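J.: Please read through the structure below; I'll follow up with questions.
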Amino acid sequence: MDYFLALLVSGLLSGAVYALVGVAFVVVYRASAVLNFSLGEWVSLGARVTGAGVQTAGLPVIGAFAGAAALLVVLAAVFNRLVVWRLSGRAVVAVVMATLALGVLLRGGSALALGGVPADIPAPFDGVLWRWGSVPVPPARLLASGVAIAMVVSVMAFFRYSRAGLAIRAIADDPQAATVSGMSVPRNLALAWAISAILCAAGGVLWSIDGLGGFGMGLALAKVLPVVVIGGLTSFGGAFVGAALVGVAETMAAGYLDPWIGTGSGALIAAMLIVATLWVRPTGLFGARSVARV
């Protein structure tokens, strides 16, 4: 029983960080219907720039994170203005290919610019281990998960209660009606991309502190995609639930199946969850159903 509880706690802690990156994906898709498959590279760049700021410039983690977040916000603004807007109305695959190309450019560019630069992010409470009964709980992972949950809740509150959040939701539902009402579509979509960029930078830092590893485009495919497909591409709460399911399923599989079938069972379980969700509910557990007038 103690082993099961340890795996459960570990999965939930990982799921909280997965949820943060998943929400970054949902923010962009909900606002502009863009599937940003370069998201993993954004998370990686945020972590590397933060780590480089800490190790080479001697900045505190918060200061280095602020610099990384500002860099990603600029990147998001440029990509949104120069690429997403020009591809507006084109086939979905064109935008998807553009995000994949951006991911390749970010991977190569960061390797050239930051290659050989120390980028380790110091984890707080290093070497300290708390216990919840007989279940070990690393305080660094608990802190990372708590910050991730707080940021997810903040984003949900922003889109539910703030005027800017309501404007982004209105634009997503009907851009023409929102424009007639006086809402600035370019400004609000740029805001959505900026929020996603900040979440990616935070996700990279927390991902490193949590010790999850696996940055890059594989992150988007292996972690984020199952989270948002299971939860629903348009639902923030769904991303949180999907992340918890994926995190727990992965740790349970790693704990109980890996000793029998070898490593990699976590990814297999995540893929099976995607297939099962699409079979039962193609829009995800909390995704909005499309309604067509006839």
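Every chain in the structure tokens has a letter given in the order shown (A, B, ...), and although residue numbers restart at 1 in each chain, ligands are simply numbered from 1 in the order shown.
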Residues at most 8 Å from Leu45 of chain A, counting only C-alpha atoms, excluding those fewer than 6 positions away in the same chain, as JSON, numbers by chain?
T.: {"A": [68, 106, 110, 201, 204]}
J.: Which of segment 113-230 of chain A counts as strand (DSSP E or B) under DSSP, as number ranges by chain please?
T.: A: 130-132, 135-137
J.: Could you give me, as a PyMOL selection string, the residues within 9 Å of segment 10-18 of chain A, counting only C-alpha atoms and dropping anything in the same chain fewer than 2 positions from it?
T.: chain A and resi 5-8+20-23+137+141-142+144-149+152+203+206-207+210+212+223-224+227+239-252
J.: Contacts of segment 71-79 of chain A at 8 Å or less, counting only C-alpha atoms, minus same-chain residues fewer than 3 places along, as a PyMOL selection string?
T.: chain A and resi 42+46+67-68+82-84+190+193-195+197-198+201
J.: What does the file look like for those residues with N, CA and C atoms, as a PDB file, in the first residue's frame?
T.:
```
ATOM      1  N   TRP A  42       9.648  25.747 -26.815  1.00  0.00           N
ATOM      2  CA  TRP A  42       9.461  26.954 -26.018  1.00  0.00           C
ATOM      3  C   TRP A  42       9.790  26.663 -24.555  1.00  0.00           C
ATOM      4  N   GLY A  46      12.871  28.305 -22.467  1.00  0.00           N
ATOM      5  CA  GLY A  46      12.652  29.011 -21.210  1.00  0.00           C
ATOM      6  C   GLY A  46      13.532  28.477 -20.094  1.00  0.00           C
ATOM      7  N   GLY A  67      13.651  37.296 -17.364  1.00  0.00           N
ATOM      8  CA  GLY A  67      14.314  37.520 -18.641  1.00  0.00           C
ATOM      9  C   GLY A  67      13.912  36.492 -19.678  1.00  0.00           C
ATOM     10  N   ALA A  68      13.835  35.219 -19.275  1.00  0.00           N
ATOM     11  CA  ALA A  68      13.425  34.166 -20.203  1.00  0.00           C
ATOM     12  C   ALA A  68      11.984  34.362 -20.655  1.00  0.00           C
ATOM     13  N   LEU A  82       3.973  37.696 -37.783  1.00  0.00           N
ATOM     14  CA  LEU A  82       4.565  37.451 -39.090  1.00  0.00           C
ATOM     15  C   LEU A  82       4.128  36.142 -39.733  1.00  0.00           C
ATOM     16  N   VAL A  83       3.707  35.170 -38.908  1.00  0.00           N
ATOM     17  CA  VAL A  83       3.376  33.856 -39.455  1.00  0.00           C
ATOM     18  C   VAL A  83       1.898  33.523 -39.290  1.00  0.00           C
ATOM     19  N   VAL A  84       1.413  33.555 -38.057  1.00  0.00           N
ATOM     20  CA  VAL A  84       0.037  33.126 -37.802  1.00  0.00           C
ATOM     21  C   VAL A  84      -0.954  34.013 -38.550  1.00  0.00           C
ATOM     22  N   ALA A 190      -2.570  38.615 -29.530  1.00  0.00           N
ATOM     23  CA  ALA A 190      -1.180  38.765 -29.098  1.00  0.00           C
ATOM     24  C   ALA A 190      -1.053  38.543 -27.591  1.00  0.00           C
ATOM     25  N   TRP A 193      -1.086  34.780 -26.908  1.00  0.00           N
ATOM     26  CA  TRP A 193       0.211  34.182 -27.208  1.00  0.00           C
ATOM     27  C   TRP A 193       1.239  34.554 -26.141  1.00  0.00           C
ATOM     28  N   ALA A 194       1.172  35.785 -25.636  1.00  0.00           N
ATOM     29  CA  ALA A 194       2.102  36.196 -24.587  1.00  0.00           C
ATOM     30  C   ALA A 194       1.878  35.394 -23.306  1.00  0.00           C
ATOM     31  N   ILE A 195       0.618  35.168 -22.950  1.00  0.00           N
ATOM     32  CA  ILE A 195       0.312  34.356 -21.769  1.00  0.00           C
ATOM     33  C   ILE A 195       0.863  32.952 -21.942  1.00  0.00           C
ATOM     34  N   ALA A 197       3.387  32.074 -23.745  1.00  0.00           N
ATOM     35  CA  ALA A 197       4.846  32.133 -23.658  1.00  0.00           C
ATOM     36  C   ALA A 197       5.310  32.174 -22.206  1.00  0.00           C
ATOM     37  N   ILE A 198       4.644  32.965 -21.380  1.00  0.00           N
ATOM     38  CA  ILE A 198       5.014  33.048 -19.960  1.00  0.00           C
ATOM     39  C   ILE A 198       4.804  31.698 -19.273  1.00  0.00           C
ATOM     40  N   ALA A 201       7.670  29.423 -20.211  1.00  0.00           N
ATOM     41  CA  ALA A 201       8.891  29.717 -19.457  1.00  0.00           C
ATOM     42  C   ALA A 201       8.795  29.180 -18.033  1.00  0.00           C
TER      43      ALA A 201
END
```
J.: Check the DSSP output for the backbone and give back, as an MDAnalysis selection string, the residues of segment 50-259 of chain A in helix (DSSP H, G or I).
T.: chainID A and resid 50:56 61:84 92:114 139:161 163:173 175:180 185:210 217:231 236:256 258:259
J.: Which neighbours of Ser265 of chain A fall inside 10 Å, counting only C-alpha atoms, when residues of the same chain fewer than 3 positions from it are skipped, and could you give them as a PyMOL selection string?
T.: chain A and resi 249-262+268-271
J.: How far is it from atom CA of Ser88 of chain A to atom CA of Met183 of chain A, in Å with one decimal?
T.: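 Computing the Euclidean distance for atom CA of Ser88 of chain A and atom CA of Met183 of chain A yields 18.1 Å.
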J.: With distances taken over only C-alpha atoms, which of A:Leu114, A:Leu129, A:Val155, A:Leu285 is nearest to Thr56 of chain A?
T.: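 Looking only at the distances to Thr56 of chain A, the closest residue turns out to be A:Leu114.
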J.: Might you pull out every residue within 12 Å of Phe37 of chain A, with only C-alpha atoms counted and same-chain residues fewer than 5 positions away left off, and present them as a CSV table (one decimal) with C-alpha atoms, in the first residue's frame?
T.:
```csv
chain,number,residue,atom,x,y,z
A,21,VAL,CA,2.3,23.2,-20.0
A,22,GLY,CA,-1.0,21.8,-21.2
A,24,ALA,CA,-0.2,26.9,-22.4
A,25,PHE,CA,-1.2,24.8,-25.3
A,26,VAL,CA,-4.9,25.3,-24.7
A,28,VAL,CA,-3.3,29.4,-27.9
A,29,TYR,CA,-5.7,26.9,-29.4
A,42,TRP,CA,9.5,27.0,-26.0
A,43,VAL,CA,9.6,25.1,-22.7
A,93,VAL,CA,-1.8,21.7,-41.8
A,95,VAL,CA,-0.1,26.4,-39.5
A,96,VAL,CA,0.9,23.1,-38.0
A,97,MET,CA,3.9,22.8,-40.3
A,98,ALA,CA,4.8,26.4,-39.5
A,99,THR,CA,4.9,25.6,-35.7
A,100,LEU,CA,7.0,22.5,-36.4
A,101,ALA,CA,9.4,24.5,-38.5
A,102,LEU,CA,9.6,27.0,-35.6
A,103,GLY,CA,10.4,24.2,-33.2
A,104,VAL,CA,13.3,23.1,-35.5
A,216,GLY,CA,12.0,19.4,-26.8
A,217,MET,CA,9.5,18.4,-29.5
A,218,GLY,CA,9.1,15.0,-27.9
A,219,LEU,CA,7.7,16.7,-24.9
A,220,ALA,CA,4.8,18.1,-26.9
A,221,LEU,CA,4.1,14.8,-28.5
A,222,ALA,CA,4.6,12.5,-25.5
A,223,LYS,CA,3.3,14.7,-22.6
A,224,VAL,CA,1.3,17.7,-23.7
A,225,LEU,CA,-0.7,16.1,-26.5
```
J.: Rounded to one decimal in Å, what is the spacing between atom CA of Phe4 of chain A and atom CA of Arg131 of chain A?
T.: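 Between these atoms lies a distance of 14.8 Å.
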J.: Write out as a count of residues only each polymer residue whose atoms come within 12 Å of Phe158 of chain A, counting only C-alpha atoms; drop sequence neighbours fewer than 5 positions from it.
T.: 15
J.: Give me, please, the distance in Å between atom CA of Arg187 of chain A and atom CA of Ala70 of chain A, quoted to one decimal.
T.: 17.1 Å
J.: Point out the residue among A:Pro186, A:Pro139, A:Gly284, A:Gly238 with the least atom-to-atom distance to Ser32 of chain A, counting only C-alpha atoms.
T.: A:Pro186
J.: Which is closest to Leu189 of chain A among A:Val9, A:Ala140, A:Ala157, A:Val34, if we use only C-alpha atoms?
T.: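 Closest to Leu189 of chain A, using only C-alpha atoms: A:Val34.
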